[in-house]
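J.: Have a peek at upload16.csv (CSV, C-alpha atoms and all ligand atoms).
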chain,number,residue,atom,x,y,z
A,583,MET,CA,0.0,0.0,0.0
A,584,VAL,CA,1.2,3.5,-0.7
A,585,SER,CA,0.1,6.7,1.0
A,586,GLY,CA,-2.8,8.2,-0.9
A,587,GLY,CA,-3.6,11.8,-1.3
A,588,GLY,CA,-7.3,12.1,-2.0
A,589,MET,CA,-8.2,8.9,-0.1
A,590,SER,CA,-11.6,7.4,-0.4
A,591,GLY,CA,-11.2,4.4,1.9
A,592,GLU,CA,-14.2,3.5,4.1
A,593,GLY,CA,-14.1,3.5,7.9
A,594,VAL,CA,-10.7,5.1,8.3
A,595,GLY,CA,-10.7,8.1,10.6
A,596,GLU,CA,-8.7,11.3,10.2
A,597,PRO,CA,-6.7,11.7,13.4
A,598,GLU,CA,-7.1,15.5,13.5
A,599,VAL,CA,-10.8,15.4,13.5
A,600,VAL,CA,-10.9,12.7,16.3
A,601,ALA,CA,-8.5,14.7,18.4
A,602,ALA,CA,-10.8,17.7,18.3
A,603,ALA,CA,-13.6,15.6,19.8
A,604,GLY,CA,-11.9,15.2,23.2
A,605,ALA,CA,-8.5,14.4,24.8
A,606,ALA,CA,-9.4,10.9,26.0
A,607,VAL,CA,-10.3,9.9,22.5
A,608,ALA,CA,-7.3,11.5,21.0
A,609,VAL,CA,-4.9,9.4,23.1
A,610,GLU,CA,-6.6,6.2,21.9
A,611,GLU,CA,-6.5,7.4,18.3
A,612,ALA,CA,-2.8,8.0,18.5
A,613,VAL,CA,-2.3,4.3,18.1
A,614,ALA,CA,-5.1,3.8,15.6
A,615,PRO,CA,-4.3,2.4,12.1
A,616,ALA,CA,-2.1,4.5,9.8
A,617,PRO,CA,-3.8,7.2,7.8
A,618,ALA,CA,-5.9,6.3,4.8
A,619,ARG,CA,-4.1,4.6,2.0
A,620,GLU,CA,-5.0,3.8,-1.5
A,621,LEU,CA,-4.5,0.4,-3.0
A,622,VAL,CA,-2.7,0.9,-6.4
A,623,VAL,CA,-3.4,-1.7,-9.0
A,624,GLY,CA,-1.2,-1.4,-12.1
A,625,TYR,CA,-2.7,-3.1,-15.2
A,626,ALA,CA,-1.1,-4.3,-18.4
A,627,LEU,CA,-3.9,-5.4,-20.7
A,628,THR,CA,-4.7,-5.0,-24.4
A,629,SER,CA,-7.1,-2.1,-25.1
A,630,LYS,CA,-9.9,-4.6,-25.9
A,631,LYS,CA,-9.3,-6.4,-22.5
A,632,ALA,CA,-9.0,-3.1,-20.6
A,633,LYS,CA,-12.4,-2.0,-22.1
A,634,SER,CA,-14.2,-5.3,-21.3
A,635,PHE,CA,-12.7,-5.6,-17.8
A,636,LEU,CA,-12.4,-2.0,-16.5
A,637,GLN,CA,-16.1,-1.1,-17.0
A,638,PRO,CA,-17.3,2.0,-15.3
A,639,LYS,CA,-19.1,-0.1,-12.6
A,640,LEU,CA,-15.8,-1.7,-11.6
A,641,ARG,CA,-13.9,1.6,-11.6
A,642,GLY,CA,-16.6,3.3,-9.7
A,643,LEU,CA,-16.9,0.7,-6.9
A,644,ALA,CA,-13.1,0.4,-6.8
A,645,ARG,CA,-12.8,4.2,-6.2
A,646,LYS,CA,-15.3,4.0,-3.4
A,647,LYS,CA,-13.3,1.2,-1.8
A,648,GLY,CA,-10.0,3.0,-2.1
A,649,ILE,CA,-8.6,1.0,-5.1
A,650,LEU,CA,-7.0,2.9,-7.9
A,651,PHE,CA,-6.4,1.3,-11.3
A,652,VAL,CA,-3.3,2.7,-13.2
A,653,ALA,CA,-2.3,1.8,-16.7
A,654,ILE,CA,1.2,0.3,-17.1
A,655,ASP,CA,3.3,1.5,-20.0
A,656,GLN,CA,4.9,-1.7,-21.3
A,657,LYS,CA,7.7,0.2,-22.9
A,658,ARG,CA,9.1,1.7,-19.7
A,659,PRO,CA,10.7,-0.2,-16.8
A,660,LEU,CA,8.1,-1.1,-14.2
A,661,SER,CA,10.3,0.2,-11.4
A,662,ASP,CA,10.0,3.7,-12.8
A,663,GLN,CA,6.2,3.5,-12.6
A,664,GLY,CA,3.8,3.1,-9.7
A,665,PRO,CA,4.6,2.3,-7.0
A,666,PHE,CA,2.1,-0.6,-7.3
A,667,ASP,CA,0.7,-2.8,-4.6
A,668,ILE,CA,-0.7,-5.3,-7.2
A,669,VAL,CA,0.0,-5.8,-10.9
A,670,LEU,CA,-2.7,-7.3,-13.1
A,671,HIS,CA,-1.7,-8.4,-16.5
A,672,LYS,CA,-2.6,-10.4,-19.6
A,673,LEU,CA,0.0,-9.7,-22.3
A,674,THR,CA,2.0,-12.2,-24.2
A,675,GLY,CA,5.5,-12.0,-25.6
A,676,ARG,CA,9.0,-12.8,-24.4
A,677,GLU,CA,10.0,-9.2,-23.7
A,678,TRP,CA,7.0,-8.5,-21.5
A,679,ARG,CA,7.5,-11.7,-19.6
A,680,LYS,CA,11.2,-10.9,-18.9
A,681,LEU,CA,10.2,-7.4,-17.8
A,682,LEU,CA,7.7,-8.8,-15.4
A,683,GLU,CA,9.9,-11.6,-14.0
A,684,ASP,CA,12.7,-9.1,-13.3
A,685,TYR,CA,10.2,-6.8,-11.6
A,686,ARG,CA,9.0,-9.7,-9.4
A,687,GLU,CA,12.5,-10.4,-8.3
A,688,THR,CA,13.3,-6.8,-7.5
A,689,HIS,CA,9.9,-6.0,-6.0
A,690,PRO,CA,8.9,-9.1,-3.9
A,691,GLU,CA,6.4,-6.8,-2.0
A,692,VAL,CA,4.2,-6.4,-5.1
A,693,THR,CA,1.6,-9.1,-5.8
A,694,VAL,CA,1.8,-10.0,-9.5
A,695,LEU,CA,-1.4,-11.6,-10.7
A,696,ASP,CA,-0.4,-14.1,-11.7
A,697,PRO,CA,3.2,-15.2,-12.0
A,698,PRO,CA,4.1,-15.6,-15.7
A,699,CYS,CA,5.6,-19.0,-15.1
A,700,ALA,CA,2.3,-20.2,-13.7
A,701,ILE,CA,0.3,-18.8,-16.5
A,702,GLU,CA,2.4,-20.6,-19.1
A,703,HIS,CA,0.6,-23.9,-18.3
A,704,LEU,CA,-2.7,-22.5,-19.6
A,705,LEU,CA,-1.3,-21.0,-22.8
A,706,ASN,CA,-0.8,-24.4,-24.5
A,707,ARG,CA,-3.7,-26.8,-24.9
A,708,GLN,CA,-1.4,-29.8,-24.5
A,709,SER,CA,-0.4,-28.8,-20.9
A,710,MET,CA,-3.6,-27.0,-20.1
A,711,LEU,CA,-5.7,-29.9,-18.8
A,712,GLN,CA,-2.9,-32.0,-17.5
A,713,GLU,CA,-3.5,-31.2,-13.8
A,714,VAL,CA,-7.2,-31.9,-14.2
A,715,SER,CA,-6.4,-35.3,-15.6
A,716,GLU,CA,-4.2,-36.1,-12.7
A,717,LEU,CA,-6.8,-35.2,-10.1
A,718,ASP,CA,-8.7,-38.0,-8.4
A,719,LEU,CA,-12.2,-36.6,-7.8
A,720,SER,CA,-14.0,-39.8,-8.1
A,721,ASP,CA,-15.9,-39.5,-4.8
A,722,CYS,CA,-16.8,-35.8,-4.6
A,723,HIS,CA,-20.4,-35.5,-5.5
A,724,GLY,CA,-19.6,-36.3,-9.1
A,725,ARG,CA,-16.7,-37.2,-11.4
A,726,VAL,CA,-14.5,-34.8,-13.3
A,727,GLY,CA,-12.3,-35.8,-16.1
A,728,VAL,CA,-10.8,-34.6,-19.4
A,729,PRO,CA,-12.1,-35.9,-22.8
A,730,LYS,CA,-9.6,-38.3,-24.4
A,731,GLN,CA,-7.2,-36.2,-26.4
A,732,LEU,CA,-4.1,-36.4,-28.5
A,733,PHE,CA,-1.4,-33.9,-29.4
A,734,VAL,CA,-0.6,-33.9,-33.1
A,735,ASN,CA,2.4,-32.4,-34.7
A,736,THR,CA,3.1,-34.6,-37.6
A,737,ASP,CA,2.3,-34.8,-41.3
A,738,PRO,CA,-1.6,-34.5,-41.5
A,739,SER,CA,-1.8,-37.7,-43.6
A,740,SER,CA,-0.7,-39.7,-40.6
A,741,ILE,CA,-3.4,-38.3,-38.3
A,742,PRO,CA,-6.0,-41.0,-38.9
A,743,ALA,CA,-3.6,-43.8,-38.0
A,744,ALA,CA,-2.4,-41.9,-34.9
A,745,VAL,CA,-6.0,-41.4,-33.8
A,746,MET,CA,-6.7,-45.1,-34.2
A,747,ARG,CA,-3.6,-46.0,-32.2
A,748,ALA,CA,-4.6,-43.7,-29.4
A,749,GLY,CA,-8.2,-45.2,-29.4
A,750,LEU,CA,-10.0,-41.9,-30.0
A,751,SER,CA,-13.6,-42.0,-31.4
A,752,LEU,CA,-15.0,-39.7,-34.0
A,753,PRO,CA,-16.2,-36.9,-34.1
A,754,LEU,CA,-13.2,-35.0,-32.8
A,755,VAL,CA,-12.8,-31.4,-32.0
A,756,ALA,CA,-9.5,-30.0,-33.4
A,757,LYS,CA,-8.1,-27.1,-31.4
A,758,PRO,CA,-5.0,-25.1,-32.2
A,759,LEU,CA,-2.1,-25.9,-29.8
A,760,VAL,CA,-1.9,-22.2,-28.9
A,761,ALA,CA,-4.8,-21.5,-26.5
A,762,LYS,CA,-5.2,-17.9,-27.6
A,763,SER,CA,-6.2,-19.1,-31.1
A,764,HIS,CA,-9.9,-19.9,-31.2
A,765,GLU,CA,-10.0,-21.4,-34.7
A,766,LEU,CA,-11.7,-24.6,-33.7
A,767,SER,CA,-13.1,-27.3,-36.0
A,768,LEU,CA,-15.0,-30.5,-35.9
A,769,ALA,CA,-14.0,-33.6,-37.9
A,770,TYR,CA,-16.5,-36.3,-38.5
A,771,ASP,CA,-14.6,-38.8,-40.6
A,772,PRO,CA,-11.0,-40.0,-41.0
A,773,ILE,CA,-10.5,-38.3,-44.4
A,774,SER,CA,-11.3,-34.9,-42.7
A,775,LEU,CA,-8.5,-35.5,-40.2
A,776,THR,CA,-6.0,-35.3,-43.1
A,777,LYS,CA,-7.2,-31.8,-43.9
A,778,LEU,CA,-6.3,-30.4,-40.4
A,779,GLU,CA,-3.3,-28.2,-39.8
A,780,PRO,CA,-1.0,-29.3,-37.0
A,781,PRO,CA,0.2,-28.4,-34.4
A,782,LEU,CA,-3.1,-29.1,-32.7
A,783,VAL,CA,-4.9,-31.0,-30.0
A,784,LEU,CA,-7.6,-33.5,-31.0
A,785,GLN,CA,-10.3,-34.0,-28.4
A,786,GLU,CA,-13.2,-36.4,-28.4
A,787,PHE,CA,-16.5,-34.6,-28.8
A,788,VAL,CA,-18.6,-35.3,-25.7
A,789,ASN,CA,-22.4,-34.9,-26.1
A,790,HIS,CA,-23.6,-32.5,-23.4
A,791,GLY,CA,-27.0,-31.2,-24.4
A,792,GLY,CA,-25.8,-28.0,-25.8
A,793,VAL,CA,-25.1,-26.3,-22.5
A,794,LEU,CA,-21.7,-25.4,-21.0
A,795,PHE,CA,-20.8,-24.3,-17.5
A,796,LYS,CA,-18.3,-21.5,-17.2
A,797,VAL,CA,-16.7,-21.6,-13.8
A,798,TYR,CA,-15.0,-18.3,-13.0
A,799,ILE,CA,-12.3,-18.3,-10.3
A,800,VAL,CA,-11.2,-15.1,-8.6
A,801,GLY,CA,-8.9,-16.1,-5.7
A,802,ASP,CA,-11.2,-18.1,-3.3
A,803,ALA,CA,-14.4,-17.0,-5.0
A,804,ILE,CA,-16.2,-19.2,-7.5
A,805,ARG,CA,-19.1,-18.1,-9.8
A,806,VAL,CA,-20.8,-20.3,-12.4
A,807,VAL,CA,-22.8,-19.3,-15.4
A,808,ARG,CA,-24.5,-21.3,-18.2
A,809,ARG,CA,-23.7,-20.7,-21.8
A,810,PHE,CA,-25.1,-22.2,-25.0
A,811,SER,CA,-22.7,-24.6,-26.6
A,812,LEU,CA,-22.5,-27.0,-29.6
A,813,PRO,CA,-25.5,-29.4,-29.9
A,814,ASN,CA,-25.3,-33.1,-29.5
A,815,VAL,CA,-24.0,-35.2,-32.4
A,816,ASP,CA,-26.0,-38.4,-33.2
A,817,GLU,CA,-25.3,-41.4,-35.3
A,818,GLY,CA,-27.2,-39.8,-38.2
A,819,ASP,CA,-24.9,-36.7,-38.1
A,820,LEU,CA,-21.9,-39.0,-38.1
A,821,SER,CA,-22.9,-41.0,-41.2
A,822,ASN,CA,-24.3,-37.9,-43.1
A,823,ASN,CA,-21.5,-35.5,-42.5
A,824,ALA,CA,-18.1,-35.4,-44.0
A,825,GLY,CA,-15.5,-32.7,-44.0
A,826,VAL,CA,-14.1,-30.3,-41.6
A,827,PHE,CA,-16.6,-28.0,-39.9
A,828,ARG,CA,-14.9,-24.8,-38.8
A,829,PHE,CA,-16.4,-22.9,-35.9
A,830,PRO,CA,-14.1,-19.9,-35.2
A,831,ARG,CA,-14.6,-18.1,-31.9
A,832,VAL,CA,-17.6,-20.2,-31.1
A,833,SER,CA,-17.3,-19.8,-27.4
A,834,CYS,CA,-17.0,-16.0,-27.5
A,835,ALA,CA,-20.1,-15.7,-29.7
A,836,SER,CA,-22.2,-18.1,-27.5
A,837,ALA,CA,-25.0,-16.4,-25.5
A,838,SER,CA,-25.8,-16.8,-21.8
A,839,ALA,CA,-28.2,-19.7,-21.2
A,840,ASP,CA,-29.0,-18.7,-17.6
A,841,ASP,CA,-32.5,-17.4,-18.4
A,842,ALA,CA,-33.3,-20.0,-21.1
A,843,ASP,CA,-36.0,-22.6,-20.7
A,844,LEU,CA,-33.8,-25.7,-20.6
A,845,ASP,CA,-34.3,-29.4,-19.7
A,846,PRO,CA,-33.6,-29.3,-16.0
A,847,HIS,CA,-31.3,-32.4,-16.3
A,848,VAL,CA,-29.1,-30.4,-18.7
A,849,ALA,CA,-29.3,-27.1,-16.9
A,850,GLU,CA,-28.6,-28.3,-13.3
A,851,LEU,CA,-25.4,-26.7,-12.2
A,852,PRO,CA,-22.5,-28.9,-11.2
A,853,PRO,CA,-22.6,-29.6,-7.4
A,854,ARG,CA,-21.1,-26.9,-5.3
A,855,PRO,CA,-18.8,-29.2,-3.3
A,856,LEU,CA,-17.4,-30.6,-6.5
A,857,LEU,CA,-16.6,-27.1,-7.8
A,858,GLU,CA,-15.1,-26.1,-4.5
A,859,ILE,CA,-12.7,-29.0,-4.5
A,860,LEU,CA,-11.9,-28.7,-8.2
A,861,ALA,CA,-11.1,-25.0,-7.9
A,862,LYS,CA,-9.1,-25.4,-4.7
A,863,GLU,CA,-7.0,-28.2,-6.2
A,864,LEU,CA,-6.4,-26.3,-9.5
A,865,ARG,CA,-5.5,-23.1,-7.7
A,866,ARG,CA,-3.0,-24.9,-5.6
A,867,ARG,CA,-1.5,-27.0,-8.4
A,868,LEU,CA,-1.3,-24.3,-11.0
A,869,GLY,CA,-0.4,-21.4,-8.6
A,870,LEU,CA,-3.0,-19.3,-10.3
A,871,ARG,CA,-5.8,-17.1,-8.8
A,872,LEU,CA,-7.4,-15.7,-12.0
A,873,PHE,CA,-8.8,-18.3,-14.4
A,874,ASN,CA,-11.9,-20.0,-15.6
A,875,ILE,CA,-12.8,-23.6,-16.2
A,876,ASP,CA,-15.2,-24.6,-19.0
A,877,MET,CA,-17.1,-27.7,-17.9
A,878,ILE,CA,-19.7,-29.9,-19.6
A,879,ARG,CA,-21.9,-32.7,-18.2
A,880,GLU,CA,-22.0,-35.8,-20.3
A,881,HIS,CA,-25.5,-36.1,-21.8
A,882,GLY,CA,-27.7,-38.6,-20.0
A,883,THR,CA,-25.7,-38.6,-16.8
A,884,ARG,CA,-26.2,-36.6,-13.6
A,885,ASP,CA,-22.7,-36.4,-12.3
A,886,ARG,CA,-20.1,-37.1,-15.1
A,887,PHE,CA,-18.3,-33.9,-15.9
A,888,TYR,CA,-15.5,-33.0,-18.3
A,889,VAL,CA,-13.3,-30.0,-18.3
A,890,ILE,CA,-12.7,-29.0,-21.9
A,891,ASP,CA,-10.9,-25.7,-21.6
A,892,MET,CA,-9.3,-23.3,-19.1
A,893,ASN,CA,-8.4,-19.7,-19.7
A,894,TYR,CA,-6.2,-17.3,-17.8
A,895,PHE,CA,-7.9,-14.0,-16.9
A,896,PRO,CA,-11.0,-14.8,-18.9
A,897,GLY,CA,-13.8,-12.3,-19.7
A,898,TYR,CA,-14.7,-11.4,-16.2
A,899,GLY,CA,-16.8,-8.5,-17.5
A,900,LYS,CA,-19.5,-11.0,-18.4
A,901,MET,CA,-19.5,-12.5,-14.9
A,902,PRO,CA,-22.5,-11.2,-12.9
A,903,GLY,CA,-21.4,-9.0,-10.0
A,904,TYR,CA,-17.8,-9.2,-11.0
A,905,GLU,CA,-17.1,-5.7,-9.7
A,906,HIS,CA,-18.0,-6.8,-6.1
A,907,VAL,CA,-16.1,-10.1,-6.3
A,908,PHE,CA,-13.0,-8.4,-7.8
A,909,THR,CA,-12.8,-5.5,-5.4
A,910,ASP,CA,-13.2,-7.8,-2.4
A,911,PHE,CA,-10.6,-10.0,-3.8
A,912,LEU,CA,-8.1,-7.2,-4.3
A,913,LEU,CA,-8.7,-5.9,-0.8
A,914,GLY,CA,-8.4,-9.4,0.7
A,915,LEU,CA,-5.0,-9.8,-0.9
A,916,VAL,CA,-3.7,-6.8,1.1
A,917,LYS,CA,-5.1,-8.2,4.4
A,918,LYS,CA,-3.4,-11.5,3.6
A,919,GLU,CA,-0.1,-9.8,2.9
A,920,TYR,CA,-0.5,-7.9,6.1
A,921,ARG,CA,-1.0,-11.1,8.1
A,922,ARG,CA,2.1,-12.4,6.4
A,923,ARG,CA,0.3,-15.5,5.2
A,924,PRO,CA,2.2,-17.6,2.6
A,925,SER,CA,1.3,-16.4,-0.8
A,926,TYR,CA,1.3,-18.0,-4.3
A,927,SER,CA,3.9,-15.7,-5.5
A,928,SER,CA,6.4,-18.4,-6.6
A,929,CYS,CA,6.2,-21.2,-9.2
A,930,GLU,CA,9.0,-23.1,-7.6
A,931,GLY,CA,8.2,-26.1,-5.4
B,1,LIG,N1,-14.6,-32.0,-26.2
B,1,LIG,C1,-15.6,-31.2,-26.5
B,1,LIG,N2,-16.8,-31.8,-26.5
B,1,LIG,C2,-17.9,-31.1,-26.9
B,1,LIG,N3,-17.9,-29.8,-27.2
B,1,LIG,C3,-16.7,-29.1,-27.1
B,1,LIG,C4,-15.5,-29.8,-26.8
B,1,LIG,N4,-14.5,-29.0,-26.9
B,1,LIG,C5,-15.0,-27.8,-27.2
B,1,LIG,N5,-16.4,-27.9,-27.4
B,1,LIG,C6,-17.3,-26.8,-27.8
B,1,LIG,O1,-16.5,-25.8,-28.4
B,1,LIG,C7,-16.5,-24.6,-27.7
B,1,LIG,C8,-15.1,-24.0,-27.8
B,1,LIG,O2,-14.1,-24.8,-27.3
B,1,LIG,P1,-13.0,-24.3,-26.3
B,1,LIG,O3,-13.7,-23.8,-25.1
B,1,LIG,O4,-12.0,-25.4,-26.1
B,1,LIG,O5,-12.4,-23.1,-27.2
B,1,LIG,P2,-11.8,-21.7,-26.8
B,1,LIG,O6,-11.7,-21.0,-28.1
B,1,LIG,O7,-10.5,-21.9,-26.1
B,1,LIG,O8,-12.8,-21.0,-25.9
B,1,LIG,P3,-12.7,-19.7,-24.9
B,1,LIG,O9,-13.2,-18.6,-25.6
B,1,LIG,O10,-13.5,-20.1,-23.7
B,1,LIG,O11,-11.2,-19.6,-24.6
B,1,LIG,C9,-16.9,-24.9,-26.3
B,1,LIG,O12,-17.4,-23.8,-25.6
B,1,LIG,C10,-17.9,-26.0,-26.6
B,1,LIG,O13,-19.1,-25.5,-27.0
B,2,LIG,O1,-16.1,-14.6,-21.9
B,2,LIG,P1,-15.4,-15.9,-21.9
B,2,LIG,O2,-16.2,-17.0,-22.4
B,2,LIG,O3,-14.6,-16.1,-20.6
B,2,LIG,O4,-14.3,-15.8,-23.1
B,2,LIG,C1,-13.2,-15.1,-23.0
B,2,LIG,C2,-12.0,-15.8,-23.7
B,2,LIG,O5,-11.8,-17.0,-23.1
B,2,LIG,C3,-10.8,-14.9,-23.5
B,2,LIG,O6,-9.7,-15.6,-24.2
B,2,LIG,C4,-11.0,-13.5,-24.0
B,2,LIG,O7,-9.9,-12.8,-23.5
B,2,LIG,P2,-8.7,-12.3,-24.4
B,2,LIG,O8,-9.2,-11.5,-25.5
B,2,LIG,O9,-7.8,-11.5,-23.4
B,2,LIG,O10,-8.0,-13.6,-24.8
B,2,LIG,C5,-12.2,-12.8,-23.3
B,2,LIG,O11,-12.3,-11.6,-23.9
B,2,LIG,P3,-12.9,-10.3,-23.1
B,2,LIG,O12,-12.2,-10.2,-21.8
B,2,LIG,O13,-12.6,-9.2,-24.0
B,2,LIG,O14,-14.4,-10.7,-22.9
B,2,LIG,C6,-13.4,-13.6,-23.5
B,2,LIG,O15,-13.7,-13.7,-24.9
B,3,MG,MG,-13.7,-22.2,-23.8
B,4,MG,MG,-10.0,-21.1,-24.2
Would you write out, as structure tokens, the structure that this file holds?
Ligand SMILES: Nc1ncnc2c1ncn2[C@@H]1O[C@H](COP(=O)(O)OP(=O)(O)OP(=O)(O)O)[C@@H](O)[C@H]1O
Ligand SMILES: O=P(O)(O)O[C@H]1[C@H](O)[C@@H](O)[C@H](OP(=O)(O)O)[C@@H](OP(=O)(O)O)[C@H]1O
Ligand SMILES: [Mg+2]
Ligand SMILES: [Mg+2]
T.:
Amino acid sequence: MVSGGGMSGEGVGEPEVVAAAGAAVAVEEAVAPAPARELVVGYALTSKKAKSFLQPKLRGLARKKGILFVAIDQKRPLSDQGPFDIVLHKLTGREWRKLLEDYRETHPEVTVLDPPCAIEHLLNRQSMLQEVSELDLSDCHGRVGVPKQLFVNTDPSSIPAAVMRAGLSLPLVAKPLVAKSHELSLAYDPISLTKLEPPLVLQEFVNHGGVLFKVYIVGDAIRVVRRFSLPNVDEGDLSNNAGVFRFPRVSCASASADDADLDPHVAELPPRPLLEILAKELRRRLGLRLFNIDMIREHGTRDRFYVIDMNYFPGYGKMPGYEHVFTDFLLGLVKKEYRRRPSYSSCEG
């Protein structure tokens, strides 16, 4: 925390005013908490992301709670800017990463959300779901797994044989290896597989009734929303369809399904205890505090879930009440630091 000039923090008294109220009170106030301070949050986001995240409702509430968002200039050393209490970021590139890693080393007092080395895990679809697949959540009010998947970086003509060897069933969702690319496609038949462009991850398509659960994590807080998703594929679709069906940016275009009139078996949210344990385990294993989990329920089951995607610093602007969740989270970080609790600031160990 740095001293703030025009402070807007709640419940923090001005010592002079209290002293004027009476000598006895003034003595007590002499040991009261330090004068009001502003929490300075530096952000390094693309302009699109800054617009979707830093909406007026977040900025307004933050100001009331004594949180100030300050844009970081990526071209200047971070140490010359701020000083910051917290750094929020979602930028890619080796130069930025190096700048941030150096800053973390020289400014251990600053909370960097999140450490670049931890984020790395989610930037690549081959490593993204690894931790989920290693979890054993077989007895937690439901089962969570990852669809069978295969990383492919060979000549496309060899893909059908590789798919056979790995025991994957058609149709398959083809996803670019790099998670920030959203150029997905669906392949129904072996010939289509030869038209794909590696490097990519092939994932078995799981029927899920056309509804996806977006689980947002902000530190310890979890919020879930429903989104429309791809419809089920049946035997008829499999025999009648051939070719590669491209669906670029499908998830970003998909609408909220929270108010839709859905089959209750499809719409029922994943059990809370399951989400709690999943989020807790992933936070710990990945060392991340800001991410989301895309989950689907296998059609016809009540408790068989699959994680199909995870994203670092997702579109929180679409999460209902995000301004409250986020400001509470940021303030909570300061209290944690104050109590000198262990933090997630390191990727080692
Ligand atoms: N294995 C799967 N089975 C069924 N549907 C899937 C599967 N994988 C992806 N989908 C569908 O495709 C959509 C996009 O997939 P995914 O979430 O992996 O892509 P993305 O581009 O990384 O999305 P985001 O914008 O959330 O980052 C999902 O929201 C879902 O509708
Ligand atoms: O709203 P959800 O379903 O969470 O999808 C997000 C994507 O997963 C993110 O990749 C987008 O963020 P970036 O544009 O920073 O990658 C993110 O962009 P946004 O923050 O501009 O909304 C969203 O499109
Ligand atoms: Mg997704
Ligand atoms: Mg994604």
J.: Could you check which residues have any atom within 6 Å of (0.9, -18.8, -10.5), counting all atoms listed in the file with coordinates taken straight from the file, and then list them as a ChimeraX atom specification?
T.: /A:696-697,700,868-870,929
J.: Go through A:Ser838, A:Val800, A:Phe651, A:Ile859 and flag the residue nearest Pro638 (chain A), using all atoms listed in the file for the distances.
T.: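 Among the listed residues, A:Phe651 lies closest to Pro638 (chain A).
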J.: Which residue out of A:Val806, A:Leu719, A:Met710, A:Val734 has the minimum interatomic distance to Gly903 (chain A) when all atoms listed in the file are used?
T.: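 Closest to Gly903 (chain A) of all the choices is A:Val806.
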J.: One decimal, Å: what's the distance from CA of Asn823 (chain A) over to CA of Leu844 (chain A), could you say?
T.: 27.0 Å
J.: Return the single residue from A:Ser774, A:Ser763, A:Ser629, A:Ser739 that is closest to ligand MG 3 (chain B), with distances computed using only C-alpha atoms and all ligand atoms.
T.: A:Ser763
J.: To check your reading of the model: which residues sit at most 10 Å from ligand MG 3 (chain B) when counting all atoms listed in the file? Write the answer as a compact mmCIF listing (two decimals) with C-alpha atoms, in the coordinates of the input.
T.:
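This went into selection09.txt:
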# COMPACT_ATOMS: atom_id res chain seq x y z
CA ALA A 761 -4.80 -21.50 -26.50
CA HIS A 764 -9.90 -19.90 -31.20
CA LEU A 794 -21.70 -25.40 -21.00
CA PHE A 795 -20.80 -24.30 -17.50
CA LYS A 796 -18.30 -21.50 -17.20
CA SER A 811 -22.70 -24.60 -26.60
CA ARG A 831 -14.60 -18.10 -31.90
CA VAL A 832 -17.60 -20.20 -31.10
CA SER A 833 -17.30 -19.80 -27.40
CA CYS A 834 -17.00 -16.00 -27.50
CA ASN A 874 -11.90 -20.00 -15.60
CA ILE A 875 -12.80 -23.60 -16.20
CA ASP A 876 -15.20 -24.60 -19.00
CA MET A 877 -17.10 -27.70 -17.90
CA VAL A 889 -13.30 -30.00 -18.30
CA ILE A 890 -12.70 -29.00 -21.90
CA ASP A 891 -10.90 -25.70 -21.60
CA MET A 892 -9.30 -23.30 -19.10
CA ASN A 893 -8.40 -19.70 -19.70
CA PRO A 896 -11.00 -14.80 -18.90
J.: With all atoms listed in the file as the basis for distance, which of A:Pro772, A:Gly914, A:Gly648, A:Gly897 is at the shortest distance from ligand LIG 2 (chain B)?
T.: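 Among A:Pro772, A:Gly914, A:Gly648, A:Gly897, it is A:Gly897 that comes nearest to ligand LIG 2 (chain B).
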J.: Counting only C-alpha atoms, what is within 7 Å of Gly801 (chain A), bar same-chain residues fewer than 4 positions away, as a ChimeraX atom specification?
T.: /A:871-872,911
J.: With C-alpha atoms kept, could you save the residues just selected as a short mmCIF file (atom, residue, chain, number, x, y, z; two decimals), in the frame of the given file?
T.:
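The result, stored in again.cif:
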data_model
loop_
_atom_site.label_atom_id
_atom_site.label_comp_id
_atom_site.auth_asym_id
_atom_site.auth_seq_id
_atom_site.Cartn_x
_atom_site.Cartn_y
_atom_site.Cartn_z
CA ARG A 871 -5.80 -17.10 -8.80
CA LEU A 872 -7.40 -15.70 -12.00
CA PHE A 911 -10.60 -10.00 -3.80
#
J.: Select, from A:Asn814, A:Thr736, A:Thr883, A:Thr909, the residue with the minimum atom-to-atom distance to ligand LIG 1 (chain B), counting all atoms listed in the file.
T.: A:Asn814
J.: Would you mind reading off the distance between CA of Tyr888 (chain A) and CA of Lys672 (chain A), one decimal, in Å?
T.: 26.1 Å
J.: In the coordinate frame of the file, compute which residues have an atom within 7 Å of (-1.7, -6.4, -3.2) when using only C-alpha atoms, and state them as a PDB file with C-alpha atoms, keeping the file's coordinate frame.
T.:
ATOM      1  CA  ASP A 667       0.700  -2.800  -4.600  1.00  0.00           C
ATOM      2  CA  ILE A 668      -0.700  -5.300  -7.200  1.00  0.00           C
ATOM      3  CA  VAL A 692       4.200  -6.400  -5.100  1.00  0.00           C
ATOM      4  CA  THR A 693       1.600  -9.100  -5.800  1.00  0.00           C
ATOM      5  CA  LEU A 912      -8.100  -7.200  -4.300  1.00  0.00           C
ATOM      6  CA  LEU A 915      -5.000  -9.800  -0.900  1.00  0.00           C
ATOM      7  CA  VAL A 916      -3.700  -6.800   1.100  1.00  0.00           C
TER       8      VAL A 916
END
J.: One decimal, in Å: what's the spacing between CA of Lys777 (chain A) and CA of Leu732 (chain A)?
T.: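 The value is 16.4 Å.
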J.: So, with only C-alpha atoms and all ligand atoms as the atoms that count, which of A:Tyr625, A:Tyr904, A:Tyr798, A:Trp678 lies closest to ligand LIG 2 (chain B)?
T.: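 Checking each candidate against ligand LIG 2 (chain B), we get A:Tyr798 as the closest.
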J.: Name the residues in contact with Glu779 (chain A) at a cut-off of 9 Å, using all atoms listed in the file, excluding same-chain residues fewer than 2 positions from it; report them as an NGL selection string.
T.: :A and (735 or 737-738 or 758 or 775-777 or 781-782)
